[in-house]
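Beneath this line is the structure, given in structure tokens, with notes to follow.
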Amino acid sequence: MPGPATPSLERSPAAPPDGDGRKIIHVDMDAFYASVEQRDAPALRGRPVAVGGSRQRGVVAAASYEARRFGVRSAMSSMAAVRRCPDLVFVPPRFDVYKAVSGQIRAVFARYTALIEPLSLDEAYLDVTDAGGPGSATRIAEEIRAAIRAETGLTASAGVSYNKFLAKLASDHRKPDGLTVIPPGRGEAFVAALAIDRFHGVGPVTAARMRALGIATGADLRARSAEALDAAFGKAGRYYYWAARGVDHRPVKPDRPRKSSGSETTFPQDLTTEAELVAGLAPAVAAVWRHCEASGLRGRTVTLKVKYADFRQITRSRTGPDLLSSQDVLAATGRDLLRGLFPLRAGVRLIGLTVSGFETPPAAEPRQLTLSL
Amino acid sequence: MKVTLERAALLKALGHVQRVVERRTTIPILSNVLVRAAAGALRLKATDLDLEVTEELPADVGQEGATTLPAHTLHDIVRKLPDGSQVTLDMSGDTGQLVLRSGRSRFQLQCLPESDFPDLAAGEMSHRFSLPAGQLKHLIDKTSFAISTEETRYYLNGVYLHTMEHDGATMLRVVSTDGHRLARVEIPAPQGSAGIPGVIVPRKAVAEIQKLIEDPASDVLVEMSATKIRLTLGSVVLTTKLIDGTFPDYGRVIPAGNDKMLVVPKSAFAAAVDRVSTISAERGRAVKLALSDGKLVLSVNNPDSGSATEELDVEYDSSPLDIGFNARYLLDITAQLDSDTAFLKLADPGSPTLVQDREGAPALYVLMPMRV
């Protein structure tokens, strides 16, 4: 990313080094549930909408921007919300729809990186460090926002920076439908001007305690020693200490990693010979291996699926002791599994191949390669 | 049944058959050895249902008959009897127990009826040939190290015995692989072996055959059917089920186009690999070979414990190459070589390497590198 070089940060000896060159994007859908409802019901557009609860009881799960203008917030009781916004329209939540949209969004993310850490249905961190060349994180964030708009009709805000803490602050900076980039070297300044209740991890109670200690902004927090913060906030003190300096080394953790990758092909005519089946398997092998290459993940279980002309379907799988190290090994395993089906009970109309048991192969550890038997 | 024989002969025969008997088995009779006295001989038989070993030895038969006895117990008893003693097995009582007498020792052993003892039912053997025991030993000694123990690819859990036309001659070949390395050894096909089906002989049987061969000059009779193989080595007969599977087309992984030739002094190379690998981690004992003109630098780098390098003068004049191998595998393979030098043909750090005594030697080894 072009821009000023990362200035050296003051750090205690135990501190991890900064400037590890990561590129993190935080994507956050704008008023997600409410926006989905407004998208699907034109009558709701432009009106203050609360998802969840009812006029009489319950809690607001999400509020549209029109409602937020009146001070309606999520987790507010319905009664309180109605007091602030008498015209508030309550709609029941449709979680299956939100989940489906969330799936669409994650599919967009997955085009750029396998390192996706979803925080909820509408929010995720992406590590795109290895996803492209210089300046690419900002471009990727723009492309993701455009793709989300095109494919879901909804808007998202995104923040781009070199760690999770700053990326999340950035995505919040110009909501809705905004993009903010905090390049290396700007993190500390960005944080300095921030009111402390905008810090991720600082809730109303902590904010009040901080204000009582004379800490109102990031700059105030920055002025405190690590020891003072430790004493006042315990373990969290260290997090605040580094947050005030724009430092955050938490990795993006894909907490629900993809369990498998598969591909299948239906043939115009039923296949009957081994040679035809092996050839028919090739596209699936190539597609699955492409995913392995792109994600940097390697599996150890290969599952072959075959649908016969009579629509009977069977699967055969094999788990090896080693992670599949090459496309050749994957292809050979697939061939082996195919051979086990002979003599065929009927012609074959569909072949699919799935690799599962994904692991990230240890990069530093020497890895034994396998013969393509 | 009543039979008397030499302790030494009985001990040796029991030593052969009792190895087949599994220490832990859920079928009681499989812990036993079958003993049958008839026609001036005692016949012993042990099985694990996949593998069966029988041995016949001369004995003074007082009364013909048969029973089964706990194999390991019997072996232990006979082992502890004094050298040069005579052993009598006597079932003449009707107690259902066998009395073993030797000198002033007397053991009463619980028996199981002979009729319950499983028979491998070898059936008709379709192919038959003989070869010197020394040649058979050579074939399996040089390949058994690479047999896979991984059960998912069960068809690699043995050696692949088959014949093959090679340079106009029919060869008897044995191949083994564990997916990381492969061994292929051949001899001119003994008379009668051409046209045998390709068979996979299981690991346990291979190990037993290795132990049973004593006199390399004696002949071994090999008989085969589609599902079993039987070897007769003098008075010992070993019969085993074959692994029911298809051995992979191993020819595909034997590199033909490797053009970087390396000749190393075998013992010095093995010793150096062993030395530098002292520092390597338990897992993935990778050693790096850095090749340049006439020089090989072996190195191991272990972030936890340190590093080691050693330099060797070698015959090498191709372009420089860095390639990693599992040190254990390198040592296993060099241990199979008979010559003073090891001849390696390399391609690149991600492709199989060929190791032989010399160019075109009848034994060849393929080793997959490690990424380091």
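Letters A, B, ... go to the chains of the structure tokens in the order shown; residues in each chain start at 1; ligands are counted from 1 in the same order.
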
Distance table requested - chain B against chain A, cut-off 10 Å, only C-alpha atoms: one row per qualifying residue with the closest atom pair and its distance in Å to one decimal, ordered by chain and rising residue number, as a tab-separated table.
residue	atom	partner	partner_atom	distance
B:Glu150	CA	A:Pro321	CA	7.4
B:Glu151	CA	A:Gly320	CA	9.1
B:Thr152	CA	A:Gly320	CA	6.6
B:Arg153	CA	A:Gly320	CA	7.9
B:Thr177	CA	A:Leu371	CA	9.1
B:Asp178	CA	A:Leu371	CA	8.8
B:Gly179	CA	A:Leu371	CA	5.3
B:His180	CA	A:Thr370	CA	4.9
B:Arg181	CA	A:Leu371	CA	7.3
B:Leu182	CA	A:Leu371	CA	8.6
B:Gly245	CA	A:Gly340	CA	9.7
B:Thr246	CA	A:Asp336	CA	9.5
B:Phe247	CA	A:Leu373	CA	9.5
B:Pro248	CA	A:Leu373	CA	6.1
B:Asp249	CA	A:Leu373	CA	6.9
B:Tyr250	CA	A:Leu373	CA	6.4
B:Gly251	CA	A:Leu373	CA	9.0
B:Arg252	CA	A:Leu373	CA	7.4
B:Val253	CA	A:Ser372	CA	6.4
B:Ile254	CA	A:Leu371	CA	9.3
B:Ala281	CA	A:Glu365	CA	9.9
B:Arg283	CA	A:Glu365	CA	8.8
B:Gly284	CA	A:Pro366	CA	6.2
B:Arg285	CA	A:Pro366	CA	8.1
B:Ala286	CA	A:Pro366	CA	6.4
B:Val287	CA	A:Pro366	CA	9.3
B:Asn302	CA	A:Glu365	CA	9.6
B:Pro303	CA	A:Ala364	CA	9.8
B:Gly324	CA	A:Pro366	CA	8.4
B:Phe325	CA	A:Gln368	CA	7.8
B:Asn326	CA	A:Gln368	CA	7.4
B:Pro349	CA	A:Leu369	CA	9.8
B:Gly350	CA	A:Leu369	CA	7.4
B:Ser351	CA	A:Leu369	CA	8.5
B:Pro352	CA	A:Leu371	CA	7.3
B:Val366	CA	A:Leu371	CA	8.9
B:Leu367	CA	A:Leu371	CA	8.2
B:Met368	CA	A:Leu369	CA	5.8
B:Pro369	CA	A:Leu369	CA	5.9
B:Met370	CA	A:Gln368	CA	4.2
B:Arg371	CA	A:Arg367	CA	5.0
B:Val372	CA	A:Pro366	CA	4.6

Can you list, as a PyMOL selection string, every protein, DNA or RNA residue that comes within 6 Å of Leu346 in chain B when you count only C-alpha atoms, leaving out same-chain residues fewer than 2 positions away? chain B and resi 258+260+353

Using only C-alpha atoms, tabulate the residues of range 19-134 of chain B lying at most 8 Å from any atom of range 219-231 of chain B, each with its closest atom pair and that distance in Å to one decimal, by chain and increasing residue number, as a tab-separated table.
residue	atom	partner	partner_atom	distance
B:Ala122	CA	B:Lys228	CA	6.8
B:Glu124	CA	B:Ser225	CA	6.9
B:Met125	CA	B:Ser225	CA	4.6
B:Ser126	CA	B:Ser225	CA	5.1
B:His127	CA	B:Met224	CA	5.1
B:Arg128	CA	B:Glu223	CA	4.4
B:Phe129	CA	B:Val222	CA	5.3
B:Ser130	CA	B:Leu221	CA	4.5
B:Leu131	CA	B:Val220	CA	5.5
B:Pro132	CA	B:Asp219	CA	4.4
B:Ala133	CA	B:Asp219	CA	5.4

What does the distance between CA of Met91 in chain B and CA of His75 in chain B come to in Å, to one decimal place? 17.9 Å

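Omitting His166 in chain B and its sequence neighbours fewer than 3 positions away, and counting only C-alpha atoms, the residues within 12 Å are Thr163, Ala169, Thr170, Met171, Leu172, Arg173, Glu186, Ile187, Pro188, Ala189, Gly360 and Pro362 of chain B.
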
Output the selection as a PDB file, in the first residue's frame - all heavy atoms for each residue.
ATOM      1  N   THR B 163       5.806 -61.427 -12.804  1.00  0.00           N
ATOM      2  CA  THR B 163       6.834 -61.530 -13.831  1.00  0.00           C
ATOM      3  C   THR B 163       6.584 -60.460 -14.875  1.00  0.00           C
ATOM      4  O   THR B 163       5.481 -59.914 -14.984  1.00  0.00           O
ATOM      5  CB  THR B 163       6.834 -62.911 -14.519  1.00  0.00           C
ATOM      6  OG1 THR B 163       5.527 -63.165 -15.021  1.00  0.00           O
ATOM      7  CG2 THR B 163       7.248 -64.004 -13.553  1.00  0.00           C
ATOM      8  N   ALA B 169      13.995 -60.333 -21.860  1.00  0.00           N
ATOM      9  CA  ALA B 169      14.077 -61.481 -20.960  1.00  0.00           C
ATOM     10  C   ALA B 169      12.904 -61.423 -19.991  1.00  0.00           C
ATOM     11  O   ALA B 169      12.401 -60.343 -19.686  1.00  0.00           O
ATOM     12  CB  ALA B 169      15.386 -61.460 -20.184  1.00  0.00           C
ATOM     13  N   THR B 170      12.471 -62.583 -19.526  1.00  0.00           N
ATOM     14  CA  THR B 170      11.405 -62.593 -18.523  1.00  0.00           C
ATOM     15  C   THR B 170      12.056 -62.496 -17.146  1.00  0.00           C
ATOM     16  O   THR B 170      12.976 -63.248 -16.831  1.00  0.00           O
ATOM     17  CB  THR B 170      10.571 -63.880 -18.627  1.00  0.00           C
ATOM     18  OG1 THR B 170      10.143 -64.023 -19.982  1.00  0.00           O
ATOM     19  CG2 THR B 170       9.368 -63.808 -17.726  1.00  0.00           C
ATOM     20  N   MET B 171      11.572 -61.540 -16.371  1.00  0.00           N
ATOM     21  CA  MET B 171      12.141 -61.308 -15.052  1.00  0.00           C
ATOM     22  C   MET B 171      11.080 -61.592 -13.995  1.00  0.00           C
ATOM     23  O   MET B 171       9.894 -61.357 -14.203  1.00  0.00           O
ATOM     24  CB  MET B 171      12.599 -59.848 -14.892  1.00  0.00           C
ATOM     25  CG  MET B 171      13.495 -59.334 -16.016  1.00  0.00           C
ATOM     26  SD  MET B 171      15.031 -60.268 -16.187  1.00  0.00           S
ATOM     27  CE  MET B 171      15.974 -59.670 -14.799  1.00  0.00           C
ATOM     28  N   LEU B 172      11.548 -62.102 -12.854  1.00  0.00           N
ATOM     29  CA  LEU B 172      10.671 -62.232 -11.693  1.00  0.00           C
ATOM     30  C   LEU B 172      10.938 -61.000 -10.829  1.00  0.00           C
ATOM     31  O   LEU B 172      12.076 -60.744 -10.428  1.00  0.00           O
ATOM     32  CB  LEU B 172      10.996 -63.508 -10.914  1.00  0.00           C
ATOM     33  CG  LEU B 172      10.141 -63.759  -9.668  1.00  0.00           C
ATOM     34  CD1 LEU B 172       8.690 -64.041 -10.032  1.00  0.00           C
ATOM     35  CD2 LEU B 172      10.708 -64.929  -8.860  1.00  0.00           C
ATOM     36  N   ARG B 173       9.882 -60.253 -10.565  1.00  0.00           N
ATOM     37  CA  ARG B 173      10.056 -58.979  -9.909  1.00  0.00           C
ATOM     38  C   ARG B 173       9.323 -58.908  -8.578  1.00  0.00           C
ATOM     39  O   ARG B 173       8.218 -59.438  -8.443  1.00  0.00           O
ATOM     40  CB  ARG B 173       9.438 -57.885 -10.783  1.00  0.00           C
ATOM     41  CG  ARG B 173      10.461 -57.053 -11.461  1.00  0.00           C
ATOM     42  CD  ARG B 173       9.796 -55.863 -12.074  1.00  0.00           C
ATOM     43  NE  ARG B 173      10.644 -55.399 -13.153  1.00  0.00           N
ATOM     44  CZ  ARG B 173      10.297 -54.479 -14.020  1.00  0.00           C
ATOM     45  NH1 ARG B 173       9.092 -53.944 -13.960  1.00  0.00           N
ATOM     46  NH2 ARG B 173      11.126 -54.094 -14.941  1.00  0.00           N
ATOM     47  N   GLU B 186      14.650 -57.369  -9.242  1.00  0.00           N
ATOM     48  CA  GLU B 186      14.272 -58.445 -10.155  1.00  0.00           C
ATOM     49  C   GLU B 186      15.412 -59.427 -10.354  1.00  0.00           C
ATOM     50  O   GLU B 186      16.587 -59.099 -10.138  1.00  0.00           O
ATOM     51  CB  GLU B 186      13.816 -57.875 -11.504  1.00  0.00           C
ATOM     52  CG  GLU B 186      14.887 -57.075 -12.214  1.00  0.00           C
ATOM     53  CD  GLU B 186      14.347 -56.359 -13.447  1.00  0.00           C
ATOM     54  OE1 GLU B 186      13.117 -56.242 -13.588  1.00  0.00           O
ATOM     55  OE2 GLU B 186      15.166 -55.918 -14.263  1.00  0.00           O
ATOM     56  N   ILE B 187      15.034 -60.637 -10.730  1.00  0.00           N
ATOM     57  CA  ILE B 187      16.000 -61.672 -11.109  1.00  0.00           C
ATOM     58  C   ILE B 187      15.446 -62.321 -12.378  1.00  0.00           C
ATOM     59  O   ILE B 187      14.245 -62.224 -12.648  1.00  0.00           O
ATOM     60  CB  ILE B 187      16.172 -62.743 -10.002  1.00  0.00           C
ATOM     61  CG1 ILE B 187      14.809 -63.381  -9.677  1.00  0.00           C
ATOM     62  CG2 ILE B 187      16.806 -62.160  -8.748  1.00  0.00           C
ATOM     63  CD1 ILE B 187      14.906 -64.624  -8.802  1.00  0.00           C
ATOM     64  N   PRO B 188      16.295 -62.974 -13.144  1.00  0.00           N
ATOM     65  CA  PRO B 188      15.769 -63.710 -14.292  1.00  0.00           C
ATOM     66  C   PRO B 188      14.729 -64.705 -13.801  1.00  0.00           C
ATOM     67  O   PRO B 188      14.945 -65.384 -12.789  1.00  0.00           O
ATOM     68  CB  PRO B 188      17.005 -64.427 -14.845  1.00  0.00           C
ATOM     69  CG  PRO B 188      18.164 -63.618 -14.375  1.00  0.00           C
ATOM     70  CD  PRO B 188      17.764 -63.068 -13.041  1.00  0.00           C
ATOM     71  N   ALA B 189      13.596 -64.765 -14.489  1.00  0.00           N
ATOM     72  CA  ALA B 189      12.493 -65.589 -14.001  1.00  0.00           C
ATOM     73  C   ALA B 189      12.909 -67.059 -13.945  1.00  0.00           C
ATOM     74  O   ALA B 189      13.364 -67.612 -14.939  1.00  0.00           O
ATOM     75  CB  ALA B 189      11.289 -65.422 -14.921  1.00  0.00           C
ATOM     76  N   GLY B 360      21.411 -48.863 -14.379  1.00  0.00           N
ATOM     77  CA  GLY B 360      20.900 -50.111 -14.937  1.00  0.00           C
ATOM     78  C   GLY B 360      20.954 -51.319 -14.014  1.00  0.00           C
ATOM     79  O   GLY B 360      20.702 -52.440 -14.445  1.00  0.00           O
ATOM     80  N   PRO B 362      19.877 -54.196 -11.352  1.00  0.00           N
ATOM     81  CA  PRO B 362      18.578 -54.869 -11.285  1.00  0.00           C
ATOM     82  C   PRO B 362      17.728 -54.442 -10.080  1.00  0.00           C
ATOM     83  O   PRO B 362      16.535 -54.709 -10.060  1.00  0.00           O
ATOM     84  CB  PRO B 362      18.942 -56.352 -11.180  1.00  0.00           C
ATOM     85  CG  PRO B 362      20.350 -56.378 -10.704  1.00  0.00           C
ATOM     86  CD  PRO B 362      21.000 -55.139 -11.189  1.00  0.00           C
TER      87      PRO B 362
END

Where in range 289-341 of chain B does DSSP assign alpha helix (DSSP H), given as a ChimeraX atom specification? /B:327-336

Can you tell me, as JSON, numbers by chain, what residues are no more than 10 Å from Val33 in chain B when counting only C-alpha atoms, ignoring any on the same chain fewer than 5 positions away? {"B": [14, 17, 18, 20, 21, 44, 45, 46, 47, 53, 54, 67, 68, 69, 70, 71, 72, 74, 75, 111, 112, 114, 117]}

Atoms to include: C-alpha atoms. Write the selected residues as a tab-separated table (two decimals), in the first residue's frame.
chain	number	residue	atom	x	y	z
B	14	LEU	CA	8.34	-74.55	17.71
B	17	VAL	CA	5.61	-72.01	14.06
B	18	GLN	CA	4.92	-70.09	17.27
B	20	VAL	CA	2.64	-67.06	13.60
B	21	VAL	CA	0.50	-67.32	16.73
B	44	LEU	CA	3.39	-79.00	14.03
B	45	LYS	CA	1.00	-76.44	12.65
B	46	ALA	CA	0.13	-72.87	13.69
B	47	THR	CA	-2.12	-70.32	12.05
B	53	VAL	CA	3.17	-72.60	9.03
B	54	THR	CA	3.68	-76.33	9.33
B	67	THR	CA	-4.13	-82.55	19.76
B	68	THR	CA	-3.58	-78.80	20.17
B	69	LEU	CA	-1.54	-77.08	22.88
B	70	PRO	CA	-0.94	-73.47	23.94
B	71	ALA	CA	1.84	-72.50	21.54
B	72	HIS	CA	3.71	-69.89	23.57
B	74	LEU	CA	4.82	-75.02	25.02
B	75	HIS	CA	7.62	-73.04	23.39
B	111	CYS	CA	-5.56	-79.21	25.33
B	112	LEU	CA	-8.19	-78.26	22.80
B	114	GLU	CA	-7.59	-81.20	17.10
B	117	PHE	CA	-8.22	-76.43	14.63

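The interatomic distance for the pair CA of Tyr162 in chain A and CA of Val101 in chain A works out to 27.6 Å.
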
Residue with smallest distance to Pro118 in chain A - pool A:Lys253, A:Arg335, A:Lys99, A:Lys168, counting only C-alpha atoms: A:Lys253

Members of range 127-358 of chain A assigned strand (DSSP E or B) by DSSP, as an NGL selection string: :A and (127 or 156-161 or 179-181 or 195 or 217 or 260-271 or 298 or 301-308 or 313-319 or 348-356)

Output for the residues just chosen: C-alpha atoms as a PDB file, in the first residue's frame:
ATOM      1  CA  ASP A 127      -7.427 -10.865   5.707  1.00  0.00           C
ATOM      2  CA  ALA A 156     -22.312  -2.354   3.074  1.00  0.00           C
ATOM      3  CA  SER A 157     -19.658  -0.208   4.683  1.00  0.00           C
ATOM      4  CA  ALA A 158     -16.070  -1.282   4.750  1.00  0.00           C
ATOM      5  CA  GLY A 159     -12.939  -0.346   6.606  1.00  0.00           C
ATOM      6  CA  VAL A 160      -9.468  -1.142   5.373  1.00  0.00           C
ATOM      7  CA  SER A 161      -6.398  -1.113   7.572  1.00  0.00           C
ATOM      8  CA  LEU A 179     -15.369   3.131   2.734  1.00  0.00           C
ATOM      9  CA  THR A 180     -12.552   4.327   4.963  1.00  0.00           C
ATOM     10  CA  VAL A 181      -8.904   3.401   4.661  1.00  0.00           C
ATOM     11  CA  ALA A 195     -13.961   9.343  21.667  1.00  0.00           C
ATOM     12  CA  THR A 217     -10.298  10.347  23.753  1.00  0.00           C
ATOM     13  CA  SER A 260     -14.791 -29.509   2.190  1.00  0.00           C
ATOM     14  CA  SER A 261     -14.554 -28.587  -1.434  1.00  0.00           C
ATOM     15  CA  GLY A 262     -16.351 -30.498  -4.120  1.00  0.00           C
ATOM     16  CA  SER A 263     -17.273 -30.383  -7.745  1.00  0.00           C
ATOM     17  CA  GLU A 264     -19.410 -32.578  -9.925  1.00  0.00           C
ATOM     18  CA  THR A 265     -20.190 -33.067 -13.576  1.00  0.00           C
ATOM     19  CA  THR A 266     -23.328 -34.432 -15.228  1.00  0.00           C
ATOM     20  CA  PHE A 267     -22.690 -35.980 -18.600  1.00  0.00           C
ATOM     21  CA  PRO A 268     -24.808 -35.596 -21.726  1.00  0.00           C
ATOM     22  CA  GLN A 269     -24.508 -39.358 -22.253  1.00  0.00           C
ATOM     23  CA  ASP A 270     -24.026 -42.098 -19.685  1.00  0.00           C
ATOM     24  CA  LEU A 271     -20.433 -43.241 -19.316  1.00  0.00           C
ATOM     25  CA  ARG A 298      -5.013 -29.389   1.891  1.00  0.00           C
ATOM     26  CA  THR A 301     -10.154 -37.354   2.620  1.00  0.00           C
ATOM     27  CA  VAL A 302     -11.329 -37.846  -0.932  1.00  0.00           C
ATOM     28  CA  THR A 303     -14.949 -38.748  -1.598  1.00  0.00           C
ATOM     29  CA  LEU A 304     -16.167 -39.920  -4.958  1.00  0.00           C
ATOM     30  CA  LYS A 305     -19.842 -39.610  -5.784  1.00  0.00           C
ATOM     31  CA  VAL A 306     -21.371 -41.459  -8.676  1.00  0.00           C
ATOM     32  CA  LYS A 307     -24.930 -41.301  -9.901  1.00  0.00           C
ATOM     33  CA  TYR A 308     -25.926 -44.159 -12.147  1.00  0.00           C
ATOM     34  CA  GLN A 313     -26.295 -42.710  -6.085  1.00  0.00           C
ATOM     35  CA  ILE A 314     -23.289 -44.012  -4.201  1.00  0.00           C
ATOM     36  CA  THR A 315     -20.251 -42.464  -2.562  1.00  0.00           C
ATOM     37  CA  ARG A 316     -16.861 -43.991  -1.869  1.00  0.00           C
ATOM     38  CA  SER A 317     -14.248 -42.260   0.195  1.00  0.00           C
ATOM     39  CA  ARG A 318     -10.718 -42.736   1.313  1.00  0.00           C
ATOM     40  CA  THR A 319      -8.725 -41.009   4.015  1.00  0.00           C
ATOM     41  CA  VAL A 348     -22.848 -43.332 -15.055  1.00  0.00           C
ATOM     42  CA  ARG A 349     -24.614 -40.020 -15.500  1.00  0.00           C
ATOM     43  CA  LEU A 350     -22.801 -37.964 -12.887  1.00  0.00           C
ATOM     44  CA  ILE A 351     -19.416 -37.981 -11.189  1.00  0.00           C
ATOM     45  CA  GLY A 352     -18.483 -35.758  -8.279  1.00  0.00           C
ATOM     46  CA  LEU A 353     -15.348 -35.429  -6.222  1.00  0.00           C
ATOM     47  CA  THR A 354     -15.006 -33.847  -2.794  1.00  0.00           C
ATOM     48  CA  VAL A 355     -11.959 -33.224  -0.665  1.00  0.00           C
ATOM     49  CA  SER A 356     -12.458 -32.786   3.067  1.00  0.00           C
TER      50      SER A 356
END

Within 9 Å of Ala37 in chain B using only C-alpha atoms, minus same-chain residues under 6 positions, as a ChimeraX atom specification: /B:1-3,43,59-66

Keeping N, CA and C atoms for every residue in the selection just given, could you write it to a file as a PDB file, in the first residue's frame?
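Once written, out_28.pdb looks like this:
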ATOM      1  N   MET B   1      -2.114 -90.392  21.904  1.00  0.00           N
ATOM      2  CA  MET B   1      -0.889 -89.952  21.251  1.00  0.00           C
ATOM      3  C   MET B   1       0.261 -90.041  22.239  1.00  0.00           C
ATOM      4  N   LYS B   2       1.357 -90.648  21.750  1.00  0.00           N
ATOM      5  CA  LYS B   2       2.562 -90.651  22.566  1.00  0.00           C
ATOM      6  C   LYS B   2       3.765 -90.569  21.637  1.00  0.00           C
ATOM      7  N   VAL B   3       4.614 -89.569  21.910  1.00  0.00           N
ATOM      8  CA  VAL B   3       5.716 -89.332  20.997  1.00  0.00           C
ATOM      9  C   VAL B   3       6.918 -88.812  21.775  1.00  0.00           C
ATOM     10  N   ARG B  43       4.276 -83.600  13.480  1.00  0.00           N
ATOM     11  CA  ARG B  43       3.963 -82.497  12.591  1.00  0.00           C
ATOM     12  C   ARG B  43       3.355 -81.378  13.441  1.00  0.00           C
ATOM     13  N   ALA B  59      10.504 -88.238  14.806  1.00  0.00           N
ATOM     14  CA  ALA B  59      10.185 -88.493  16.207  1.00  0.00           C
ATOM     15  C   ALA B  59       9.932 -89.987  16.403  1.00  0.00           C
ATOM     16  N   ASP B  60      10.064 -90.383  17.620  1.00  0.00           N
ATOM     17  CA  ASP B  60       9.790 -91.773  17.968  1.00  0.00           C
ATOM     18  C   ASP B  60       8.325 -91.848  18.377  1.00  0.00           C
ATOM     19  N   VAL B  61       7.484 -92.337  17.471  1.00  0.00           N
ATOM     20  CA  VAL B  61       6.045 -92.328  17.724  1.00  0.00           C
ATOM     21  C   VAL B  61       5.641 -93.624  18.414  1.00  0.00           C
ATOM     22  N   GLY B  62       5.189 -93.497  19.648  1.00  0.00           N
ATOM     23  CA  GLY B  62       4.745 -94.655  20.397  1.00  0.00           C
ATOM     24  C   GLY B  62       3.304 -94.964  20.080  1.00  0.00           C
ATOM     25  N   GLN B  63       2.499 -93.897  19.965  1.00  0.00           N
ATOM     26  CA  GLN B  63       1.086 -94.068  19.641  1.00  0.00           C
ATOM     27  C   GLN B  63       0.673 -92.865  18.809  1.00  0.00           C
ATOM     28  N   GLU B  64       0.072 -93.136  17.655  1.00  0.00           N
ATOM     29  CA  GLU B  64      -0.310 -92.045  16.764  1.00  0.00           C
ATOM     30  C   GLU B  64      -1.461 -91.262  17.367  1.00  0.00           C
ATOM     31  N   GLY B  65      -1.606 -90.004  16.967  1.00  0.00           N
ATOM     32  CA  GLY B  65      -2.703 -89.187  17.475  1.00  0.00           C
ATOM     33  C   GLY B  65      -2.392 -87.714  17.301  1.00  0.00           C
ATOM     34  N   ALA B  66      -3.347 -86.863  17.684  1.00  0.00           N
ATOM     35  CA  ALA B  66      -3.159 -85.425  17.503  1.00  0.00           C
ATOM     36  C   ALA B  66      -3.924 -84.650  18.558  1.00  0.00           C
TER      37      ALA B  66
END

Extract, using only C-alpha atoms, all DNA, RNA and protein residues at most 10 Å from Leu321 in chain B, discarding same-chain residues fewer than 2 positions from it, and format them as a PyMOL selection string. chain B and resi 260+289-293+296+318-319+323+346-349

Convert the current residue selection to file output with C-alpha atoms, as a PDB file, in the first residue's frame.
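Result file is result16.pdb:
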ATOM      1  CA  LYS B 260      21.228 -34.982 -12.938  1.00  0.00           C
ATOM      2  CA  LEU B 289      21.261 -31.882  -0.042  1.00  0.00           C
ATOM      3  CA  ALA B 290      22.901 -28.897  -1.754  1.00  0.00           C
ATOM      4  CA  LEU B 291      24.636 -30.097  -4.904  1.00  0.00           C
ATOM      5  CA  SER B 292      27.147 -28.167  -6.930  1.00  0.00           C
ATOM      6  CA  ASP B 293      30.133 -29.083  -9.061  1.00  0.00           C
ATOM      7  CA  LEU B 296      27.549 -32.140  -1.786  1.00  0.00           C
ATOM      8  CA  SER B 318      25.029 -30.918 -13.494  1.00  0.00           C
ATOM      9  CA  SER B 319      23.543 -27.553 -12.608  1.00  0.00           C
ATOM     10  CA  ILE B 323      16.728 -30.992  -2.576  1.00  0.00           C
ATOM     11  CA  LEU B 346      17.745 -36.448  -9.748  1.00  0.00           C
ATOM     12  CA  ALA B 347      15.408 -34.042 -11.513  1.00  0.00           C
ATOM     13  CA  ASP B 348      14.176 -31.293  -9.228  1.00  0.00           C
ATOM     14  CA  PRO B 349      13.196 -30.726  -5.561  1.00  0.00           C
TER      15      PRO B 349
END

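Each of B:Pro28, B:Gly294, B:Pro265, B:Pro202 was compared to Ser148 in chain B using only C-alpha atoms, and B:Pro202 turns out to be the nearest.
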
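We find CA of Thr129 in chain A and CA of Pro283 in chain A to be spaced 29.5 Å apart.
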